[in-house]
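**Student:** This structure is in structure tokens; I'll ask about it shortly.
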Amino acid sequence: MKLLIGLMMLPLMLSAQRKINVACIGSTYPMQLQELLGEHYLVNDFGLAGATVLHKGDQPYVKQPVYQKALASNPDVVFIALGAEDSRPVNRVYLNDFEADYRDLIRAFKELPTAPRIVMLTPVASFATDSTGIWEKVIKEQIIPGIQHLAYTEQLEIINLHMLFVDKATFLPDKIHPNAEGAALIAQRLYALLKQKQDAAFDLFNKIEQPHKRSSFYGYDGIDFSFMGRSCKIVKPKWAAPHHPWVWRARFWGHEPQTDIALLERGFHLVYCDVVELYGNATAVKAWNDFYKLVNSAGLAHKAVLEGMSRGGVYLYNWAAVNPDKVACVYADNPVLDLKSWPAGMGAGPGSKRDLALLKEDYHITSDDQMRQFHNSPLNKISQIVRGNFPMLHLLADADEVVPPAENTLPFARQVEALGGKIQVIHKAGFKHHPHSFPNPTIIVDFILSHVAL
């Protein structure tokens, strides 16, 4: 009997000792990734300089011997980093075939007996200004959208390397190809992806009973639906992180989505409940309370990451003042924190007559004197907000001409700190109200990741 048990255990022991086979197609990072992953992984470099996705390109990857070697390796994981070379003039004339040709490549790996995990990597940013070579405009406007569409239709993971390099020109000495530092940056991102824990069985959409319409958000599955008369959206990651963290976008859905995309890559859900334009009044807070119950009962974490740009700051903080125990952290970007400053224009800013009229209607304000006595802004609710003991990150354009810093974030931050709250303000010297966020959202993403259990 002991011998029989021993023989039965042998395949399991051999399986446990087998290295995870990683195939890297079209990039410069395999050596660094192997060092990070260690002895339990085998990282193979199947890259080829100048290779194209396009079958009619000047060097189609699928027509090269290295492609057959990649297939024959029977990988468990496949990273595909192709597309930049397809942006060159000799190849871009065939870009109408890009998605179909990329799909052929993907499906060849899908059909392998190992059924590998396939991850598409977008091209990095190009700093070359000559349109006769690899061209940033084509990468941004055609190549990356094509890859994102494939990620949606083929249900594949996608890592946006472009965002990670838009402020890293020194990592591309020839303006096109990453150096050792750039390769290390890619390797670190892929290492984090492979090591991150997943709850692949969780599907939030199965818990949403409301009729909904499917949509795509930069390669991710989304649904649009109505809940208690409000337009709502949810985007799910390719797999959920344990504990099911989520980002609640307060306003301006899809605007400067860099942080949202980066967190979707890491297993966060992204949600939205339209309370336009209620300016954080009681009706808005109730609508958000109801929506919170919906998504929390469906399985999302007890605490949400709140994200608000401009007037979105009013929505998120007025809700947080009532629900401080339901907030993991806040990312606010040039936020409106005093409605007397904007839209009322009772300070240095111009305000907005149209929005002021809506604000007065929402709060039943009938006179200028009532407006001067208004006290339902986040700036009036700091004691309630800091009860949650959650960290806050504000991006602040020092030259904001719409939402004056001296009337919004600066006094808010001083009072938060005076009451023992946690707030970090990142100043954007010389910037006006737009653009929000950063092209590379790493500093924002790292802040959120440091305060959310994964």
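Scheme for the structure tokens: letters A, B, ... for chains in order shown; per-chain residue numbers from 1; ligand numbers from 1 in order shown.
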Can you build me a table of range 303-415 of chain A residues sitting at most 6 Å from range 430-443 of chain A, with the closest atom pair per residue and its distance in Å to one decimal, using only C-alpha atoms, sorted by chain and residue number, as a tab-separated table?
**Tutor:**
residue	atom	partner	partner_atom	distance
A:Ala397	CA	A:Phe431	CA	5.0
A:Ala399	CA	A:Lys432	CA	4.7
A:Asp400	CA	A:Lys432	CA	4.1
**Student:** Okay, now the selection with N, CA and C atoms, as a CSV table (one decimal), in the first residue's frame?
**Tutor:**
chain,number,residue,atom,x,y,z
A,397,ALA,N,-3.2,71.8,-9.6
A,397,ALA,CA,-2.5,72.7,-10.5
A,397,ALA,C,-2.4,74.1,-9.9
A,399,ALA,N,-1.7,76.9,-11.0
A,399,ALA,CA,-2.2,78.0,-11.8
A,399,ALA,C,-3.7,77.8,-12.2
A,400,ASP,N,-4.4,76.9,-11.5
A,400,ASP,CA,-5.8,76.6,-11.8
A,400,ASP,C,-6.6,77.9,-11.8
**Student:** Do a neighbour search on range 323-337 of chain A at 7 Å with only C-alpha atoms, toss out local chain neighbours closer than 6 positions, and write the hits as a ChimeraX atom specification.
**Tutor:** /A:302-314,377-379,385,387-388,390-397,403,408-409,433,436-437,448,451-452
**Student:** Quick one: everything within 12 Å of Glu136 in chain A, counting only C-alpha atoms, minus sequence neighbours fewer than 5 positions away in the same chain. Send it as a PyMOL selection string.
**Tutor:** chain A and resi 83-88+123-131+141-144+162+165-166+175-176
**Student:** Please dump the current selection as a compact mmCIF listing (two decimals), in the first residue's frame; keep N, CA and C atoms.
**Tutor:**
# COMPACT_ATOMS: atom_id res chain seq x y z
N GLY A 83 3.95 45.38 -32.60
CA GLY A 83 3.09 46.47 -33.07
C GLY A 83 3.84 47.74 -33.44
N ALA A 84 4.94 48.02 -32.77
CA ALA A 84 5.67 49.26 -33.06
C ALA A 84 6.17 49.27 -34.50
N GLU A 85 6.73 48.16 -34.95
CA GLU A 85 7.28 48.11 -36.30
C GLU A 85 6.19 48.25 -37.37
N ASP A 86 4.97 47.89 -37.00
CA ASP A 86 3.86 48.01 -37.95
C ASP A 86 3.49 49.47 -38.22
N SER A 87 4.03 50.39 -37.41
CA SER A 87 3.72 51.81 -37.60
C SER A 87 4.62 52.48 -38.64
N ARG A 88 5.63 51.75 -39.15
CA ARG A 88 6.53 52.34 -40.15
C ARG A 88 5.81 52.44 -41.50
N PRO A 123 2.92 48.71 -27.43
CA PRO A 123 4.24 49.29 -27.65
C PRO A 123 4.52 50.39 -26.63
N VAL A 124 5.78 50.60 -26.34
CA VAL A 124 6.16 51.72 -25.49
C VAL A 124 6.02 53.01 -26.29
N ALA A 125 6.14 54.13 -25.62
CA ALA A 125 6.07 55.42 -26.31
C ALA A 125 7.28 55.59 -27.23
N SER A 126 7.06 56.27 -28.34
CA SER A 126 8.16 56.62 -29.25
C SER A 126 8.39 58.12 -29.18
N PHE A 127 9.65 58.50 -29.09
CA PHE A 127 10.00 59.92 -29.03
C PHE A 127 10.61 60.41 -30.34
N ALA A 128 10.55 59.54 -31.35
CA ALA A 128 11.04 59.94 -32.67
C ALA A 128 10.05 60.90 -33.31
N THR A 129 10.56 61.95 -33.93
CA THR A 129 9.69 62.95 -34.55
C THR A 129 9.58 62.79 -36.06
N ASP A 130 10.36 61.89 -36.64
CA ASP A 130 10.36 61.68 -38.08
C ASP A 130 9.30 60.63 -38.43
N SER A 131 8.29 61.02 -39.19
CA SER A 131 7.19 60.12 -39.52
C SER A 131 7.58 59.04 -40.52
N GLU A 141 -2.88 56.19 -32.14
CA GLU A 141 -4.19 56.32 -32.76
C GLU A 141 -4.66 55.07 -33.48
N GLN A 142 -3.75 54.14 -33.81
CA GLN A 142 -4.15 52.96 -34.55
C GLN A 142 -3.69 51.66 -33.91
N ILE A 143 -2.42 51.58 -33.55
CA ILE A 143 -1.89 50.32 -33.04
C ILE A 143 -2.49 49.97 -31.67
N ILE A 144 -2.40 50.88 -30.72
CA ILE A 144 -2.90 50.59 -29.38
C ILE A 144 -4.41 50.38 -29.37
N HIS A 162 2.79 51.69 -22.81
CA HIS A 162 2.93 53.04 -23.37
C HIS A 162 2.88 54.08 -22.26
N PHE A 165 6.01 54.70 -20.18
CA PHE A 165 7.20 55.27 -20.82
C PHE A 165 7.01 56.69 -21.35
N VAL A 166 5.80 57.24 -21.24
CA VAL A 166 5.57 58.56 -21.85
C VAL A 166 6.40 59.66 -21.20
N LYS A 175 15.33 56.89 -28.96
CA LYS A 175 13.97 57.42 -29.03
C LYS A 175 12.92 56.36 -29.35
N ILE A 176 13.34 55.11 -29.51
CA ILE A 176 12.42 54.06 -29.93
C ILE A 176 12.54 52.81 -29.05
**Student:** Identify, on the basis of only C-alpha atoms, every residue whose closest approach to range 279-295 of chain A does not exceed 8 Å; exclude the query and any residue fewer than 6 positions from it along the same chain; express the result as a PDB file with all heavy atoms, in the first residue's frame.
**Tutor:**
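Dumped to selection-v2.pdb:
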ATOM      1  N   PHE A 227     -30.283  52.163 -12.778  1.00  0.00           N
ATOM      2  CA  PHE A 227     -30.582  51.710 -11.423  1.00  0.00           C
ATOM      3  C   PHE A 227     -31.255  52.836 -10.666  1.00  0.00           C
ATOM      4  O   PHE A 227     -30.670  53.908 -10.496  1.00  0.00           O
ATOM      5  CB  PHE A 227     -29.293  51.275 -10.712  1.00  0.00           C
ATOM      6  CG  PHE A 227     -29.490  50.865  -9.284  1.00  0.00           C
ATOM      7  CD1 PHE A 227     -30.205  49.719  -8.967  1.00  0.00           C
ATOM      8  CD2 PHE A 227     -28.968  51.627  -8.250  1.00  0.00           C
ATOM      9  CE1 PHE A 227     -30.388  49.337  -7.646  1.00  0.00           C
ATOM     10  CE2 PHE A 227     -29.143  51.265  -6.931  1.00  0.00           C
ATOM     11  CZ  PHE A 227     -29.860  50.114  -6.631  1.00  0.00           C
ATOM     12  N   MET A 228     -32.492  52.618 -10.293  1.00  0.00           N
ATOM     13  CA  MET A 228     -33.277  53.626  -9.582  1.00  0.00           C
ATOM     14  C   MET A 228     -33.276  54.961 -10.328  1.00  0.00           C
ATOM     15  O   MET A 228     -33.127  56.032  -9.719  1.00  0.00           O
ATOM     16  CB  MET A 228     -32.789  53.786  -8.146  1.00  0.00           C
ATOM     17  CG  MET A 228     -33.027  52.555  -7.289  1.00  0.00           C
ATOM     18  SD  MET A 228     -32.726  52.844  -5.540  1.00  0.00           S
ATOM     19  CE  MET A 228     -33.346  51.302  -4.838  1.00  0.00           C
ATOM     20  N   ARG A 230     -31.055  56.110 -12.371  1.00  0.00           N
ATOM     21  CA  ARG A 230     -29.727  56.677 -12.621  1.00  0.00           C
ATOM     22  C   ARG A 230     -28.964  55.810 -13.615  1.00  0.00           C
ATOM     23  O   ARG A 230     -28.997  54.583 -13.534  1.00  0.00           O
ATOM     24  CB  ARG A 230     -28.927  56.765 -11.319  1.00  0.00           C
ATOM     25  CG  ARG A 230     -29.553  57.682 -10.276  1.00  0.00           C
ATOM     26  CD  ARG A 230     -29.362  59.124 -10.637  1.00  0.00           C
ATOM     27  NE  ARG A 230     -30.216  59.983  -9.839  1.00  0.00           N
ATOM     28  CZ  ARG A 230     -30.382  61.284 -10.070  1.00  0.00           C
ATOM     29  NH1 ARG A 230     -29.730  61.850 -11.080  1.00  0.00           N
ATOM     30  NH2 ARG A 230     -31.173  62.005  -9.324  1.00  0.00           N
ATOM     31  N   CYS A 273     -21.925  55.923 -11.060  1.00  0.00           N
ATOM     32  CA  CYS A 273     -23.358  56.169 -10.893  1.00  0.00           C
ATOM     33  C   CYS A 273     -23.599  57.646 -11.132  1.00  0.00           C
ATOM     34  O   CYS A 273     -23.091  58.500 -10.398  1.00  0.00           O
ATOM     35  CB  CYS A 273     -23.817  55.767  -9.491  1.00  0.00           C
ATOM     36  SG  CYS A 273     -25.569  56.103  -9.172  1.00  0.00           S
ATOM     37  N   ARG A 311     -15.411  69.081 -10.340  1.00  0.00           N
ATOM     38  CA  ARG A 311     -16.604  69.042  -9.494  1.00  0.00           C
ATOM     39  C   ARG A 311     -16.858  67.654  -8.908  1.00  0.00           C
ATOM     40  O   ARG A 311     -17.653  67.513  -7.973  1.00  0.00           O
ATOM     41  CB  ARG A 311     -17.822  69.522 -10.283  1.00  0.00           C
ATOM     42  CG  ARG A 311     -18.333  68.559 -11.336  1.00  0.00           C
ATOM     43  CD  ARG A 311     -19.333  69.177 -12.267  1.00  0.00           C
ATOM     44  NE  ARG A 311     -18.691  70.099 -13.196  1.00  0.00           N
ATOM     45  CZ  ARG A 311     -19.341  70.735 -14.182  1.00  0.00           C
ATOM     46  NH1 ARG A 311     -20.630  70.541 -14.346  1.00  0.00           N
ATOM     47  NH2 ARG A 311     -18.699  71.551 -14.985  1.00  0.00           N
ATOM     48  N   VAL A 314     -16.695  67.372  -5.142  1.00  0.00           N
ATOM     49  CA  VAL A 314     -17.874  67.641  -4.315  1.00  0.00           C
ATOM     50  C   VAL A 314     -18.667  66.370  -4.113  1.00  0.00           C
ATOM     51  O   VAL A 314     -19.083  66.028  -2.993  1.00  0.00           O
ATOM     52  CB  VAL A 314     -18.767  68.724  -4.963  1.00  0.00           C
ATOM     53  CG1 VAL A 314     -20.054  68.878  -4.176  1.00  0.00           C
ATOM     54  CG2 VAL A 314     -18.022  70.051  -5.034  1.00  0.00           C
ATOM     55  N   TYR A 315     -18.885  65.612  -5.202  1.00  0.00           N
ATOM     56  CA  TYR A 315     -19.687  64.397  -5.108  1.00  0.00           C
ATOM     57  C   TYR A 315     -19.056  63.400  -4.146  1.00  0.00           C
ATOM     58  O   TYR A 315     -19.726  62.844  -3.264  1.00  0.00           O
ATOM     59  CB  TYR A 315     -19.840  63.739  -6.485  1.00  0.00           C
ATOM     60  CG  TYR A 315     -20.374  64.630  -7.571  1.00  0.00           C
ATOM     61  CD1 TYR A 315     -20.126  64.346  -8.903  1.00  0.00           C
ATOM     62  CD2 TYR A 315     -21.128  65.758  -7.279  1.00  0.00           C
ATOM     63  CE1 TYR A 315     -20.618  65.148  -9.920  1.00  0.00           C
ATOM     64  CE2 TYR A 315     -21.612  66.575  -8.282  1.00  0.00           C
ATOM     65  CZ  TYR A 315     -21.357  66.270  -9.600  1.00  0.00           C
ATOM     66  OH  TYR A 315     -21.836  67.073 -10.599  1.00  0.00           O
ATOM     67  N   LEU A 316     -17.751  63.147  -4.333  1.00  0.00           N
ATOM     68  CA  LEU A 316     -17.129  62.087  -3.541  1.00  0.00           C
ATOM     69  C   LEU A 316     -16.990  62.476  -2.076  1.00  0.00           C
ATOM     70  O   LEU A 316     -17.210  61.649  -1.176  1.00  0.00           O
ATOM     71  CB  LEU A 316     -15.798  61.659  -4.158  1.00  0.00           C
ATOM     72  CG  LEU A 316     -14.572  62.575  -4.092  1.00  0.00           C
ATOM     73  CD1 LEU A 316     -13.828  62.437  -2.773  1.00  0.00           C
ATOM     74  CD2 LEU A 316     -13.633  62.264  -5.247  1.00  0.00           C
ATOM     75  N   ASN A 318     -18.771  64.768  -0.320  1.00  0.00           N
ATOM     76  CA  ASN A 318     -20.051  64.870   0.380  1.00  0.00           C
ATOM     77  C   ASN A 318     -20.597  63.484   0.723  1.00  0.00           C
ATOM     78  O   ASN A 318     -21.241  63.299   1.754  1.00  0.00           O
ATOM     79  CB  ASN A 318     -21.058  65.663  -0.456  1.00  0.00           C
ATOM     80  CG  ASN A 318     -20.910  67.160  -0.255  1.00  0.00           C
ATOM     81  OD1 ASN A 318     -19.949  67.619   0.365  1.00  0.00           O
ATOM     82  ND2 ASN A 318     -21.840  67.940  -0.777  1.00  0.00           N
ATOM     83  N   TRP A 319     -20.318  62.500  -0.144  1.00  0.00           N
ATOM     84  CA  TRP A 319     -20.724  61.129   0.181  1.00  0.00           C
ATOM     85  C   TRP A 319     -19.831  60.573   1.285  1.00  0.00           C
ATOM     86  O   TRP A 319     -20.308  59.911   2.207  1.00  0.00           O
ATOM     87  CB  TRP A 319     -20.650  60.240  -1.056  1.00  0.00           C
ATOM     88  CG  TRP A 319     -21.184  58.864  -0.817  1.00  0.00           C
ATOM     89  CD1 TRP A 319     -22.491  58.478  -0.796  1.00  0.00           C
ATOM     90  CD2 TRP A 319     -20.414  57.684  -0.530  1.00  0.00           C
ATOM     91  NE1 TRP A 319     -22.597  57.129  -0.526  1.00  0.00           N
ATOM     92  CE2 TRP A 319     -21.335  56.617  -0.362  1.00  0.00           C
ATOM     93  CE3 TRP A 319     -19.049  57.418  -0.409  1.00  0.00           C
ATOM     94  CZ2 TRP A 319     -20.937  55.311  -0.074  1.00  0.00           C
ATOM     95  CZ3 TRP A 319     -18.645  56.123  -0.122  1.00  0.00           C
ATOM     96  CH2 TRP A 319     -19.577  55.080   0.044  1.00  0.00           C
ATOM     97  N   LEU A 359     -27.167  74.587  -9.361  1.00  0.00           N
ATOM     98  CA  LEU A 359     -26.852  74.428  -7.947  1.00  0.00           C
ATOM     99  C   LEU A 359     -27.965  75.020  -7.081  1.00  0.00           C
ATOM    100  O   LEU A 359     -28.413  74.390  -6.105  1.00  0.00           O
ATOM    101  CB  LEU A 359     -25.521  75.099  -7.638  1.00  0.00           C
ATOM    102  CG  LEU A 359     -25.129  75.228  -6.164  1.00  0.00           C
ATOM    103  CD1 LEU A 359     -24.867  73.864  -5.548  1.00  0.00           C
ATOM    104  CD2 LEU A 359     -23.907  76.128  -6.008  1.00  0.00           C
ATOM    105  N   ASP A 362     -30.914  72.755  -7.106  1.00  0.00           N
ATOM    106  CA  ASP A 362     -30.687  71.517  -6.356  1.00  0.00           C
ATOM    107  C   ASP A 362     -30.790  71.727  -4.853  1.00  0.00           C
ATOM    108  O   ASP A 362     -31.232  70.834  -4.117  1.00  0.00           O
ATOM    109  CB  ASP A 362     -29.301  70.947  -6.685  1.00  0.00           C
ATOM    110  CG  ASP A 362     -29.207  70.425  -8.112  1.00  0.00           C
ATOM    111  OD1 ASP A 362     -30.259  70.070  -8.676  1.00  0.00           O
ATOM    112  OD2 ASP A 362     -28.077  70.377  -8.653  1.00  0.00           O
ATOM    113  N   TYR A 363     -30.344  72.892  -4.382  1.00  0.00           N
ATOM    114  CA  TYR A 363     -30.329  73.164  -2.948  1.00  0.00           C
ATOM    115  C   TYR A 363     -31.430  74.135  -2.519  1.00  0.00           C
ATOM    116  O   TYR A 363     -31.426  74.606  -1.378  1.00  0.00           O
ATOM    117  CB  TYR A 363     -28.960  73.719  -2.542  1.00  0.00           C
ATOM    118  CG  TYR A 363     -27.880  72.654  -2.443  1.00  0.00           C
ATOM    119  CD1 TYR A 363     -27.046  72.390  -3.512  1.00  0.00           C
ATOM    120  CD2 TYR A 363     -27.703  71.921  -1.273  1.00  0.00           C
ATOM    121  CE1 TYR A 363     -26.037  71.431  -3.427  1.00  0.00           C
ATOM    122  CE2 TYR A 363     -26.698  70.962  -1.168  1.00  0.00           C
ATOM    123  CZ  TYR A 363     -25.873  70.713  -2.252  1.00  0.00           C
ATOM    124  OH  TYR A 363     -24.890  69.758  -2.159  1.00  0.00           O
ATOM    125  N   ASN A 376     -22.868  73.494   2.555  1.00  0.00           N
ATOM    126  CA  ASN A 376     -22.942  72.077   2.195  1.00  0.00           C
ATOM    127  C   ASN A 376     -21.821  71.650   1.253  1.00  0.00           C
ATOM    128  O   ASN A 376     -21.981  70.716   0.465  1.00  0.00           O
ATOM    129  CB  ASN A 376     -24.303  71.764   1.567  1.00  0.00           C
ATOM    130  CG  ASN A 376     -25.362  71.490   2.625  1.00  0.00           C
ATOM    131  OD1 ASN A 376     -25.217  70.583   3.434  1.00  0.00           O
ATOM    132  ND2 ASN A 376     -26.404  72.309   2.635  1.00  0.00           N
TER     133      ASN A 376
END
**Student:** Residues at most 10 Å from Lys353 in chain A, counting only C-alpha atoms, excluding those fewer than 3 positions away in the same chain, as a PyMOL selection string?
**Tutor:** chain A and resi 342-345+350+356-359
**Student:** Convert the current residue selection to file output with all heavy atoms, as a tab-separated table (two decimals), in the first residue's frame.
**Tutor:**
chain	number	residue	atom	x	y	z
A	342	TRP	N	-16.64	77.81	-6.74
A	342	TRP	CA	-17.15	77.37	-8.05
A	342	TRP	C	-18.37	76.51	-7.80
A	342	TRP	O	-18.34	75.64	-6.94
A	342	TRP	CB	-16.11	76.54	-8.81
A	342	TRP	CG	-16.58	76.25	-10.22
A	342	TRP	CD1	-16.28	76.94	-11.34
A	342	TRP	CD2	-17.50	75.22	-10.61
A	342	TRP	NE1	-16.95	76.41	-12.42
A	342	TRP	CE2	-17.71	75.34	-12.00
A	342	TRP	CE3	-18.18	74.20	-9.95
A	342	TRP	CZ2	-18.56	74.49	-12.72
A	342	TRP	CZ3	-19.02	73.36	-10.66
A	342	TRP	CH2	-19.20	73.51	-12.02
A	343	PRO	N	-19.49	76.75	-8.43
A	343	PRO	CA	-19.70	77.63	-9.57
A	343	PRO	C	-20.14	79.06	-9.21
A	343	PRO	O	-20.34	79.88	-10.10
A	343	PRO	CB	-20.82	76.92	-10.32
A	343	PRO	CG	-21.66	76.32	-9.24
A	343	PRO	CD	-20.67	75.86	-8.20
A	344	ALA	N	-20.30	79.34	-7.89
A	344	ALA	CA	-20.88	80.63	-7.51
A	344	ALA	C	-19.97	81.80	-7.88
A	344	ALA	O	-20.45	82.92	-8.08
A	344	ALA	CB	-21.18	80.65	-6.01
A	345	GLY	N	-18.67	81.57	-7.97
A	345	GLY	CA	-17.76	82.65	-8.36
A	345	GLY	C	-17.67	83.75	-7.33
A	345	GLY	O	-17.48	84.93	-7.69
A	350	PRO	N	-13.89	82.69	-12.00
A	350	PRO	CA	-15.02	83.23	-12.76
A	350	PRO	C	-16.35	82.58	-12.45
A	350	PRO	O	-17.40	83.15	-12.73
A	350	PRO	CB	-14.61	82.96	-14.21
A	350	PRO	CG	-13.76	81.72	-14.13
A	350	PRO	CD	-13.02	81.85	-12.83
A	356	LEU	N	-24.29	77.49	-11.64
A	356	LEU	CA	-24.82	78.13	-10.44
A	356	LEU	C	-26.34	78.04	-10.43
A	356	LEU	O	-26.94	77.78	-9.38
A	356	LEU	CB	-24.37	79.58	-10.36
A	356	LEU	CG	-24.91	80.39	-9.18
A	356	LEU	CD1	-24.54	79.73	-7.85
A	356	LEU	CD2	-24.40	81.83	-9.23
A	357	ALA	N	-26.97	78.22	-11.58
A	357	ALA	CA	-28.43	78.11	-11.65
A	357	ALA	C	-28.88	76.71	-11.26
A	357	ALA	O	-29.87	76.53	-10.53
A	357	ALA	CB	-28.90	78.46	-13.06
A	358	LEU	N	-28.15	75.68	-11.72
A	358	LEU	CA	-28.49	74.30	-11.36
A	358	LEU	C	-28.26	74.05	-9.88
A	358	LEU	O	-29.07	73.39	-9.22
A	358	LEU	CB	-27.65	73.33	-12.19
A	358	LEU	CG	-27.92	73.30	-13.70
A	358	LEU	CD1	-26.87	72.45	-14.40
A	358	LEU	CD2	-29.32	72.75	-13.97
A	359	LEU	N	-27.17	74.59	-9.36
A	359	LEU	CA	-26.85	74.43	-7.95
A	359	LEU	C	-27.96	75.02	-7.08
A	359	LEU	O	-28.41	74.39	-6.11
A	359	LEU	CB	-25.52	75.10	-7.64
A	359	LEU	CG	-25.13	75.23	-6.16
A	359	LEU	CD1	-24.87	73.86	-5.55
A	359	LEU	CD2	-23.91	76.13	-6.01
**Student:** Rounded to one decimal in Å, what is the spacing between CA of Asn96 in chain A and CA of Val78 in chain A?
**Tutor:** 24.7 Å
**Student:** List the neighbours of range 57-64 of chain A out to 8 Å using only C-alpha atoms; skip same-chain residues closer than 2 positions along the sequence, and give me the result as number ranges by chain.
**Tutor:** A: 48, 50-55, 66-68, 86, 90-91, 94, 105
**Student:** When distances are computed from only C-alpha atoms, which of A:Pro116, A:Pro257, A:Pro65, A:Gly133 shows the smallest separation from Val445 in chain A?
**Tutor:** A:Pro257
**Student:** Of the candidates A:Leu410, A:Val93, A:Ala72, A:Ala100, which one gets nearest to Pro113 in chain A if we count only C-alpha atoms?
**Tutor:**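 Ranked by minimum distance to Pro113 in chain A, first place goes to A:Ala72.
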**Student:** Assign secondary structure with DSSP using the backbone only, and return the residues of range 176-386 of chain A in alpha helix (DSSP H) as a PyMOL selection string.
**Tutor:** chain A and resi 180-195+258-265+282-297+312-322+353-362+368-372+382-385
**Student:** Could you tell me which of A:Val119, A:Asp446, A:His212, A:Ile382 comes closest to Ala418 in chain A if we count only C-alpha atoms?
**Tutor:**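 The closest residue to Ala418 in chain A is A:Ile382.
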**Student:** Considering only C-alpha atoms, can you say which of A:Leu419, A:Ala81, A:Leu194, A:Ile426 comes closest to Gly26 in chain A?
**Tutor:** A:Ala81
**Student:** Please run DSSP on the backbone and report, as a PyMOL selection string, all residues within range 266-442 of chain A that come out as strand (DSSP E).
**Tutor:** chain A and resi 269-273+304-309+327-333+391-397+422-428
**Student:** Nearest residue to Leu156 in chain A out of A:Arg92, A:Lys195, A:Arg372, A:Lys238, using only C-alpha atoms?
**Tutor:**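 Checking each candidate against Leu156 in chain A, we get A:Lys238 as the closest.
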